[in-house]
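Have a look at the structure below, then the notes.
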Amino acid sequence: SEALPLDNLQLGLLIEAGEADWKQVEPAIFGTLLERALDKRQRHKLGAHYTPRAYVERLVTPTLMEPLRADWRDVQTAVQRLTTDNKQGQALKLVEDFHQKLCETRVLDPACGSGNFLYVALERMKRLEGEVTALMVELGQTQTTFITVDPHQFLGIELNPWAANVAELVLWIGYLQWHYRTHGTA
């Protein structure tokens, strides 16, 4: 790797940025930064355009979350029936199986750009996972599960290598932010 030729002003800005508290940064801003970093012709040639979160959610909700939520509602209904029949063990197994399925679900964005679609999908699936793990605890699960929804499940195809790296960064920032909100610094 080659070091970038930075002058004193640029080094100062880099040091200042490194000292900032980035814990609360909205990862989706990287899409705007990526778009602005490309010149107009290159942006047009690549079709690089930052898609606002509201538009992304309009796609993520029906294609990914509604089917997962429908399956989750079916599991919740079955769990309710099983617990009424005093079959907590079977109910817990059903929830654990759904959690396994959730952690094995892969999401592909064939033109991922800066990864906003993948980031929103990760965030929504982590919320669902929170509901699932809460029910597992409620049903008596005492051991910590080692499987979890994580960035490895979210795949993207992108022509621009820099954009692909930004997408990966966005996913990991979002995942780590979720981790710190949920578990603190543990």
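Residue numbers start at 1 in each chain; chains themselves are named A, B, ... in the order of the structure tokens; ligands are numbered from 1 in the order shown.
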Which residues in region 6-151 of chain A does DSSP call alpha helix (DSSP H)? List them as a ChimeraX atom specification. /A:8-19,29-37,40-46,53-60,66-84,88-104,116-138
Could you please determine the separation between CA of Trp22 (chain A) and CA of Gln177 (chain A) in Å, to one decimal place?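 Interatomic distance, CA of Trp22 (chain A) to CA of Gln177 (chain A): 9.6 Å.
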If we count only C-alpha atoms and set the cut-off at 8 Å, which residues sit around region 118-126 of chain A, ignoring sequence neighbours fewer than 6 positions away in its own chain? Please answer as a PDB file with N, CA and C atoms, in the first residue's frame.
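This is the output file out_35.pdb:
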```
ATOM      1  N   PRO A  27     -24.780   5.728   9.240  1.00  0.00           N
ATOM      2  CA  PRO A  27     -23.970   5.113   8.181  1.00  0.00           C
ATOM      3  C   PRO A  27     -24.425   5.464   6.765  1.00  0.00           C
ATOM      4  N   ALA A  28     -25.693   5.771   6.595  1.00  0.00           N
ATOM      5  CA  ALA A  28     -26.205   6.070   5.259  1.00  0.00           C
ATOM      6  C   ALA A  28     -25.594   7.340   4.661  1.00  0.00           C
ATOM      7  N   ARG A  53     -33.267   6.874   2.366  1.00  0.00           N
ATOM      8  CA  ARG A  53     -33.711   5.776   3.223  1.00  0.00           C
ATOM      9  C   ARG A  53     -35.189   5.431   3.017  1.00  0.00           C
ATOM     10  N   VAL A  56     -35.520   3.217   0.111  1.00  0.00           N
ATOM     11  CA  VAL A  56     -34.941   1.905   0.409  1.00  0.00           C
ATOM     12  C   VAL A  56     -35.919   1.083   1.248  1.00  0.00           C
ATOM     13  N   GLU A  57     -36.533   1.727   2.245  1.00  0.00           N
ATOM     14  CA  GLU A  57     -37.477   1.016   3.113  1.00  0.00           C
ATOM     15  C   GLU A  57     -38.691   0.530   2.327  1.00  0.00           C
ATOM     16  N   VAL A  60     -37.243  -2.717   0.960  1.00  0.00           N
ATOM     17  CA  VAL A  60     -36.879  -3.710   1.976  1.00  0.00           C
ATOM     18  C   VAL A  60     -38.119  -4.304   2.651  1.00  0.00           C
ATOM     19  N   LEU A  64     -38.364  -8.253   1.813  1.00  0.00           N
ATOM     20  CA  LEU A  64     -37.614  -8.992   2.829  1.00  0.00           C
ATOM     21  C   LEU A  64     -38.377  -9.117   4.139  1.00  0.00           C
ATOM     22  N   MET A  65     -38.802  -7.990   4.672  1.00  0.00           N
ATOM     23  CA  MET A  65     -39.347  -8.009   6.022  1.00  0.00           C
ATOM     24  C   MET A  65     -40.760  -8.564   6.109  1.00  0.00           C
ATOM     25  N   LEU A 102     -33.418 -17.169  10.451  1.00  0.00           N
ATOM     26  CA  LEU A 102     -33.143 -15.735  10.321  1.00  0.00           C
ATOM     27  C   LEU A 102     -31.639 -15.483  10.155  1.00  0.00           C
ATOM     28  N   VAL A 107     -29.053 -11.793   2.039  1.00  0.00           N
ATOM     29  CA  VAL A 107     -29.642 -10.690   1.288  1.00  0.00           C
ATOM     30  C   VAL A 107     -28.625 -10.254   0.238  1.00  0.00           C
ATOM     31  N   LEU A 108     -29.073 -10.159  -1.014  1.00  0.00           N
ATOM     32  CA  LEU A 108     -28.197  -9.746  -2.107  1.00  0.00           C
ATOM     33  C   LEU A 108     -28.732  -8.476  -2.740  1.00  0.00           C
ATOM     34  N   ASP A 109     -27.862  -7.505  -2.883  1.00  0.00           N
ATOM     35  CA  ASP A 109     -28.186  -6.291  -3.639  1.00  0.00           C
ATOM     36  C   ASP A 109     -27.302  -6.321  -4.880  1.00  0.00           C
ATOM     37  N   CYS A 112     -25.143  -2.581  -5.339  1.00  0.00           N
ATOM     38  CA  CYS A 112     -25.199  -2.116  -3.949  1.00  0.00           C
ATOM     39  C   CYS A 112     -24.736  -0.685  -3.715  1.00  0.00           C
ATOM     40  N   VAL A 149     -27.596 -12.522  13.553  1.00  0.00           N
ATOM     41  CA  VAL A 149     -27.645 -11.837  12.266  1.00  0.00           C
ATOM     42  C   VAL A 149     -26.424 -10.929  12.229  1.00  0.00           C
ATOM     43  N   ASP A 150     -25.611 -11.043  11.178  1.00  0.00           N
ATOM     44  CA  ASP A 150     -24.413 -10.203  11.093  1.00  0.00           C
ATOM     45  C   ASP A 150     -24.115  -9.822   9.642  1.00  0.00           C
ATOM     46  N   PRO A 151     -23.166  -8.916   9.425  1.00  0.00           N
ATOM     47  CA  PRO A 151     -22.897  -8.408   8.071  1.00  0.00           C
ATOM     48  C   PRO A 151     -22.527  -9.455   7.030  1.00  0.00           C
ATOM     49  N   PHE A 154     -25.108 -10.255   4.278  1.00  0.00           N
ATOM     50  CA  PHE A 154     -25.548  -9.198   3.373  1.00  0.00           C
ATOM     51  C   PHE A 154     -24.494  -9.009   2.295  1.00  0.00           C
ATOM     52  N   LEU A 155     -24.892  -9.366   1.080  1.00  0.00           N
ATOM     53  CA  LEU A 155     -23.951  -9.410  -0.030  1.00  0.00           C
ATOM     54  C   LEU A 155     -24.343  -8.383  -1.084  1.00  0.00           C
ATOM     55  N   GLY A 156     -23.341  -7.815  -1.730  1.00  0.00           N
ATOM     56  CA  GLY A 156     -23.616  -6.841  -2.768  1.00  0.00           C
ATOM     57  C   GLY A 156     -22.691  -7.022  -3.959  1.00  0.00           C
ATOM     58  N   VAL A 170     -20.113   0.604   5.723  1.00  0.00           N
ATOM     59  CA  VAL A 170     -21.444   0.995   6.192  1.00  0.00           C
ATOM     60  C   VAL A 170     -22.085  -0.145   6.977  1.00  0.00           C
ATOM     61  N   LEU A 171     -22.009  -1.365   6.453  1.00  0.00           N
ATOM     62  CA  LEU A 171     -22.583  -2.521   7.148  1.00  0.00           C
ATOM     63  C   LEU A 171     -21.939  -2.734   8.513  1.00  0.00           C
ATOM     64  N   GLY A 174     -22.894   0.018  11.005  1.00  0.00           N
ATOM     65  CA  GLY A 174     -24.256  -0.212  11.480  1.00  0.00           C
ATOM     66  C   GLY A 174     -24.329  -1.364  12.467  1.00  0.00           C
ATOM     67  N   TYR A 175     -23.602  -2.433  12.173  1.00  0.00           N
ATOM     68  CA  TYR A 175     -23.606  -3.601  13.055  1.00  0.00           C
ATOM     69  C   TYR A 175     -22.968  -3.263  14.406  1.00  0.00           C
ATOM     70  N   TRP A 178     -25.251  -1.112  16.498  1.00  0.00           N
ATOM     71  CA  TRP A 178     -26.281  -1.943  17.117  1.00  0.00           C
ATOM     72  C   TRP A 178     -25.691  -2.675  18.328  1.00  0.00           C
TER      73      TRP A 178
END
```
Check the smallest atom-to-atom distance from each of A:Leu4, A:Asn116, A:Ala163, A:His179 to Leu59 (chain A) using only C-alpha atoms, then report the winner. A:Asn116
Which is closest to Gln88 (chain A) among A:Glu158, A:Glu138, A:Glu16, A:Glu168, if we use only C-alpha atoms? A:Glu138
d(CA of Leu94 (chain A), CA of His152 (chain A)) in Å: 24.2 Å
